[in-house]
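Chemist: My structure is below; once you've seen it, I'll send some questions.
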Amino acid sequence: MGIFDFLKPRAPNSASVAKERLRIIVAQERAQRDAPDYLPMLRRELLEVLKKYVNVDPDAIQVKVSQEGGHELLELSVALPDKPGA
Amino acid sequence: MTEIIVVTSGKGGVGKTTSSASIAMGLARRGKRVAVIDFDVGLRNLDLIMGCERRVVYDFVNVIQGEATLKQALIKDKRFDNLHVLAASQTRDKDALTKEGVERVLNELKEMAFDIILCDSPAGIEKGAFLAMYFADRAIVVVNPEVSSVRDSDRILGLLASKTRHAESGEKRVAQHLLLTRYNPERVERGDMMSIADVQEILGLEVLGVIPESESVLAGSNAGNPVILDTASNAGQAYDDAVARLLGESVPMRFTEAQKKGFLTRLFGG
């Protein structure tokens with residue numbers, strides 16, 4: 001241990017890194033758990049329909065259900081490819 | 001009134017069986033009539049930890065399949081008359097446990113006037129784990145202060161809230177308790193291990209007990225004497241505190257702070 005070590009920025013300790021990572025993944029997994037179970041199916045079928053018209057990437061579709069002021073909101077977002085589908 | 005309590009965790013190796021054995025022993029020592037069931041079909045181990053492995057004649061699956069009566073299969077503990085063990089089967093047939101079979105055995109145990117039926121769950125979220133938690137009134141989720149264990153515990157808490165008899169009927173919820181094991185206050189103080197508060201915050205639950213990492217736990221398992229019987233050990237006392245809280249007593253936490261080093265130890269190391 002050098003005498004000037006106190007001048008170096010301290011790395012966050014591993015326990016706080018663990019806590020932060022867990023906080024994020026647990027929140028994400030809880031959101032998925034509470035979501036209606038038809039979401040994955042809905043997402044797959046939407047993808048099939050879209051593919052008839054646009055060449056979208058399978059990861060480009062986001063389907064999520066959220067709460068907004070007492071209403072449940074089904075949010076659907078599709079990122080279209082840069083160029084028109086080939 | 002019989003209460004069914006499941007000891008579960010999701011992740012393996014965190015101390016489910018060790019905790020089931022000690023809690024069962026502790027409840028019996030406090031005068032409760034206790035039956036403890038090993039749900040880990042194929043990988044029987046509770047009998048070994050409780051020190052009754054040589055006395056297993058019939059097991060849980062034998063009773064479910066009608067090859068033995070419950071009375072024949074229950075092993076009375078040599079230390080406490082009011083404690084009985086139902087061993088898991090060594091069969092490799094995964095479908096040996098059925099929901100109807102498990103329910104029948106639990107009902108029969110209720111008729112025998114047990115105060116508490118403790119279900120020692122296997123690891124994972126397969127059929128055995130599902131059946132161990134399905135009929136529970138309360139759940140003890142065993143967790144280590146370690147990322148994969150905490151994540152899996154959250155998963156199990158989700159299942160307890162949705163895939164149990166109480167959750168399905170919607171009448172009441174399964175009471176959930178956290179039991180933090182392998183806790184090392186010195187490492188927490190150094191910032192190498194998540195603290196009790198960290199785990200409670202992530203999982204949104206208070207701990208029922210905190211069991212310090214201790215050599216006595218292995219020594220107890222080696223001898224078939226659950227660590228709670230070692231009343232001189234910190235781990236044994238911590239388990240007894242947890243049992244007291246399970247029965248509704250209010251007991252302060254112990255062994256959760258790092259040992260303060262004396263001036264001389266600090267000076268000369270140690």
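Each chain in the structure tokens gets a letter, A, B, ..., in the order shown, and its residues are numbered from 1; ligands are numbered from 1 in order too.
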Mind dumping a table of every chain B residue within 10 Å of chain A, with the nearest atom pair and its distance in Å to one decimal, using only C-alpha atoms, sorted by chain and rising number, as a tab-separated table?

Modeler:
```
residue	atom	partner	partner_atom	distance
B:Pro145	CA	A:Ala15	CA	9.2
B:Glu146	CA	A:Ala18	CA	7.8
B:Val147	CA	A:Ala18	CA	6.3
B:Ser148	CA	A:Leu22	CA	8.9
B:Val150	CA	A:Leu22	CA	7.8
B:Arg151	CA	A:Val26	CA	6.5
B:Asp152	CA	A:Val26	CA	9.4
B:Asp154	CA	A:Val26	CA	7.1
B:Arg155	CA	A:Glu29	CA	8.2
B:Gly158	CA	A:Arg33	CA	7.6
B:Leu159	CA	A:Arg33	CA	9.5
B:Arg187	CA	A:Ala15	CA	9.4
B:Val188	CA	A:Ala15	CA	7.7
B:Glu189	CA	A:Ala15	CA	9.9
B:Arg190	CA	A:Asn13	CA	8.3
B:Gly191	CA	A:Ala15	CA	5.4
B:Asp192	CA	A:Ala15	CA	5.1
B:Met193	CA	A:Ala15	CA	4.9
B:Met194	CA	A:Ala15	CA	4.9
B:Ser195	CA	A:Ala15	CA	8.0
B:Asp198	CA	A:Lys19	CA	6.6
B:Val199	CA	A:Lys19	CA	8.0
B:Glu201	CA	A:Arg23	CA	8.8
B:Ile202	CA	A:Arg23	CA	5.9
B:Leu203	CA	A:Val26	CA	8.3
```

Chemist: Would you mind listing what lies within 9 Å of segment 208-217 of chain B as a PDB file with N, CA and C atoms, in the first residue's frame, with only C-alpha atoms counted and same-chain residues fewer than 2 positions away left out?

Modeler:
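Output saved as out.pdb:
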```
ATOM      1  N   THR B  18     -30.130 -27.845   5.933  1.00  0.00           N
ATOM      2  CA  THR B  18     -29.514 -27.509   7.213  1.00  0.00           C
ATOM      3  C   THR B  18     -30.484 -26.688   8.057  1.00  0.00           C
ATOM      4  N   ILE B 140     -40.458 -20.002   4.499  1.00  0.00           N
ATOM      5  CA  ILE B 140     -39.167 -19.470   4.929  1.00  0.00           C
ATOM      6  C   ILE B 140     -38.258 -19.558   3.710  1.00  0.00           C
ATOM      7  N   HIS B 177     -41.150 -15.248   4.928  1.00  0.00           N
ATOM      8  CA  HIS B 177     -40.058 -14.855   5.818  1.00  0.00           C
ATOM      9  C   HIS B 177     -38.730 -15.091   5.117  1.00  0.00           C
ATOM     10  N   LEU B 178     -37.772 -14.210   5.376  1.00  0.00           N
ATOM     11  CA  LEU B 178     -36.427 -14.415   4.841  1.00  0.00           C
ATOM     12  C   LEU B 178     -35.532 -14.950   5.943  1.00  0.00           C
ATOM     13  N   LEU B 179     -34.714 -15.935   5.608  1.00  0.00           N
ATOM     14  CA  LEU B 179     -33.706 -16.408   6.555  1.00  0.00           C
ATOM     15  C   LEU B 179     -32.354 -16.247   5.862  1.00  0.00           C
ATOM     16  N   LEU B 180     -31.573 -15.307   6.363  1.00  0.00           N
ATOM     17  CA  LEU B 180     -30.285 -14.998   5.745  1.00  0.00           C
ATOM     18  C   LEU B 180     -29.215 -15.880   6.378  1.00  0.00           C
ATOM     19  N   THR B 181     -28.610 -16.750   5.574  1.00  0.00           N
ATOM     20  CA  THR B 181     -27.603 -17.663   6.125  1.00  0.00           C
ATOM     21  C   THR B 181     -26.225 -17.390   5.526  1.00  0.00           C
ATOM     22  N   ARG B 182     -25.196 -17.984   6.150  1.00  0.00           N
ATOM     23  CA  ARG B 182     -23.801 -17.766   5.731  1.00  0.00           C
ATOM     24  C   ARG B 182     -23.419 -16.293   5.778  1.00  0.00           C
ATOM     25  N   TYR B 183     -23.907 -15.582   6.760  1.00  0.00           N
ATOM     26  CA  TYR B 183     -23.646 -14.151   6.876  1.00  0.00           C
ATOM     27  C   TYR B 183     -22.318 -13.935   7.580  1.00  0.00           C
ATOM     28  N   ASN B 184     -21.513 -13.045   7.019  1.00  0.00           N
ATOM     29  CA  ASN B 184     -20.196 -12.793   7.599  1.00  0.00           C
ATOM     30  C   ASN B 184     -20.034 -11.290   7.872  1.00  0.00           C
ATOM     31  N   PRO B 185     -20.296 -10.868   9.125  1.00  0.00           N
ATOM     32  CA  PRO B 185     -20.296  -9.433   9.448  1.00  0.00           C
ATOM     33  C   PRO B 185     -18.964  -8.736   9.118  1.00  0.00           C
ATOM     34  N   ILE B 196     -27.432  -7.039   5.641  1.00  0.00           N
ATOM     35  CA  ILE B 196     -28.820  -7.436   5.901  1.00  0.00           C
ATOM     36  C   ILE B 196     -29.754  -6.407   5.262  1.00  0.00           C
ATOM     37  N   GLU B 206     -38.537  -8.225   5.499  1.00  0.00           N
ATOM     38  CA  GLU B 206     -37.696  -8.238   6.692  1.00  0.00           C
ATOM     39  C   GLU B 206     -37.119  -9.641   6.904  1.00  0.00           C
ATOM     40  N   ALA B 219     -19.687 -29.080  11.348  1.00  0.00           N
ATOM     41  CA  ALA B 219     -19.435 -30.060  12.412  1.00  0.00           C
ATOM     42  C   ALA B 219     -20.738 -30.755  12.803  1.00  0.00           C
ATOM     43  N   GLY B 220     -21.809 -29.983  12.880  1.00  0.00           N
ATOM     44  CA  GLY B 220     -23.119 -30.550  13.222  1.00  0.00           C
ATOM     45  C   GLY B 220     -23.599 -31.530  12.162  1.00  0.00           C
ATOM     46  N   SER B 221     -23.463 -31.133  10.874  1.00  0.00           N
ATOM     47  CA  SER B 221     -23.876 -32.012   9.782  1.00  0.00           C
ATOM     48  C   SER B 221     -23.050 -33.291   9.784  1.00  0.00           C
ATOM     49  N   ASN B 222     -21.764 -33.160  10.010  1.00  0.00           N
ATOM     50  CA  ASN B 222     -20.876 -34.325  10.048  1.00  0.00           C
ATOM     51  C   ASN B 222     -21.382 -35.366  11.032  1.00  0.00           C
ATOM     52  N   PRO B 226     -28.087 -31.444  14.106  1.00  0.00           N
ATOM     53  CA  PRO B 226     -28.309 -30.080  13.594  1.00  0.00           C
ATOM     54  C   PRO B 226     -27.711 -29.031  14.523  1.00  0.00           C
ATOM     55  N   VAL B 227     -27.151 -27.983  13.929  1.00  0.00           N
ATOM     56  CA  VAL B 227     -26.330 -27.024  14.667  1.00  0.00           C
ATOM     57  C   VAL B 227     -27.091 -26.348  15.804  1.00  0.00           C
ATOM     58  N   ILE B 228     -28.424 -26.319  15.737  1.00  0.00           N
ATOM     59  CA  ILE B 228     -29.215 -25.677  16.797  1.00  0.00           C
ATOM     60  C   ILE B 228     -29.006 -26.390  18.143  1.00  0.00           C
ATOM     61  N   ASP B 230     -26.160 -27.338  19.191  1.00  0.00           N
ATOM     62  CA  ASP B 230     -24.898 -26.828  19.732  1.00  0.00           C
ATOM     63  C   ASP B 230     -25.174 -25.449  20.323  1.00  0.00           C
ATOM     64  N   SER B 233     -22.681 -22.513  20.156  1.00  0.00           N
ATOM     65  CA  SER B 233     -22.263 -21.889  18.898  1.00  0.00           C
ATOM     66  C   SER B 233     -23.146 -20.704  18.539  1.00  0.00           C
ATOM     67  N   ASN B 234     -22.551 -19.727  17.869  1.00  0.00           N
ATOM     68  CA  ASN B 234     -23.321 -18.561  17.427  1.00  0.00           C
ATOM     69  C   ASN B 234     -24.437 -18.973  16.469  1.00  0.00           C
ATOM     70  N   ALA B 235     -24.101 -19.871  15.521  1.00  0.00           N
ATOM     71  CA  ALA B 235     -25.093 -20.295  14.526  1.00  0.00           C
ATOM     72  C   ALA B 235     -26.273 -20.986  15.227  1.00  0.00           C
ATOM     73  N   GLY B 236     -25.970 -21.833  16.203  1.00  0.00           N
ATOM     74  CA  GLY B 236     -27.012 -22.544  16.940  1.00  0.00           C
ATOM     75  C   GLY B 236     -27.945 -21.573  17.657  1.00  0.00           C
ATOM     76  N   GLN B 237     -27.350 -20.574  18.295  1.00  0.00           N
ATOM     77  CA  GLN B 237     -28.158 -19.578  19.014  1.00  0.00           C
ATOM     78  C   GLN B 237     -28.972 -18.725  18.044  1.00  0.00           C
ATOM     79  N   ALA B 238     -28.359 -18.407  16.891  1.00  0.00           N
ATOM     80  CA  ALA B 238     -29.069 -17.593  15.895  1.00  0.00           C
ATOM     81  C   ALA B 238     -30.277 -18.358  15.347  1.00  0.00           C
ATOM     82  N   TYR B 239     -30.116 -19.682  15.138  1.00  0.00           N
ATOM     83  CA  TYR B 239     -31.259 -20.490  14.685  1.00  0.00           C
ATOM     84  C   TYR B 239     -32.350 -20.512  15.754  1.00  0.00           C
ATOM     85  N   ASP B 241     -32.995 -18.206  17.935  1.00  0.00           N
ATOM     86  CA  ASP B 241     -33.666 -16.898  17.892  1.00  0.00           C
ATOM     87  C   ASP B 241     -34.696 -16.868  16.756  1.00  0.00           C
ATOM     88  N   ALA B 242     -34.289 -17.411  15.599  1.00  0.00           N
ATOM     89  CA  ALA B 242     -35.183 -17.413  14.436  1.00  0.00           C
ATOM     90  C   ALA B 242     -36.443 -18.234  14.733  1.00  0.00           C
ATOM     91  N   VAL B 243     -36.261 -19.356  15.411  1.00  0.00           N
ATOM     92  CA  VAL B 243     -37.405 -20.204  15.778  1.00  0.00           C
ATOM     93  C   VAL B 243     -38.338 -19.442  16.728  1.00  0.00           C
ATOM     94  N   ARG B 245     -38.751 -16.229  16.883  1.00  0.00           N
ATOM     95  CA  ARG B 245     -39.480 -15.222  16.090  1.00  0.00           C
ATOM     96  C   ARG B 245     -40.574 -15.867  15.250  1.00  0.00           C
ATOM     97  N   LEU B 246     -40.283 -17.074  14.748  1.00  0.00           N
ATOM     98  CA  LEU B 246     -41.278 -17.803  13.961  1.00  0.00           C
ATOM     99  C   LEU B 246     -42.527 -18.054  14.803  1.00  0.00           C
ATOM    100  N   MET B 253     -31.714  -9.117  17.208  1.00  0.00           N
ATOM    101  CA  MET B 253     -30.726  -9.793  16.359  1.00  0.00           C
ATOM    102  C   MET B 253     -29.395  -9.894  17.106  1.00  0.00           C
ATOM    103  N   ARG B 254     -28.728 -11.021  16.915  1.00  0.00           N
ATOM    104  CA  ARG B 254     -27.391 -11.180  17.501  1.00  0.00           C
ATOM    105  C   ARG B 254     -26.410 -11.608  16.423  1.00  0.00           C
ATOM    106  N   PHE B 255     -25.162 -11.459  16.689  1.00  0.00           N
ATOM    107  CA  PHE B 255     -24.057 -11.925  15.812  1.00  0.00           C
ATOM    108  C   PHE B 255     -24.087 -11.294  14.420  1.00  0.00           C
ATOM    109  N   THR B 256     -24.636 -10.076  14.332  1.00  0.00           N
ATOM    110  CA  THR B 256     -24.717  -9.442  13.022  1.00  0.00           C
ATOM    111  C   THR B 256     -23.731  -8.290  12.885  1.00  0.00           C
TER     112      THR B 256
END
```

Chemist: Show which residues sit within 9 Å of Ala35 of chain A, as number ranges by chain. Count only C-alpha atoms, and ignore same-chain residues fewer than 5 positions away.

Modeler: A: 30, 64-66

Chemist: Please extract the residues of segment 91-176 of chain B with a backbone DSSP assignment of strand (DSSP E or B) and present them as number ranges by chain.

Modeler: B: 116-120, 138-143, 175-176

Chemist: So which residues touch segment 68-79 of chain A within 10 Å, counting only C-alpha atoms, skipping near sequence neighbours fewer than 5 positions away, as a PyMOL selection string?

Modeler: chain A and resi 39+43+46-47+50+56-63

Chemist: Which one of B:Ile23, B:Thr91, B:Gly51, B:Ser121 sits closest to Lys78 of chain B if you count only C-alpha atoms?

Modeler: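 Result for the nearest residue to Lys78 of chain B: B:Gly51.
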
Chemist: Run DSSP on the backbone and grab whatever in chain A lands in helix (DSSP H, G or I); send it over as an MDAnalysis selection string.

Modeler: chainID A and resid 5:7 14:34 39:53 58:60
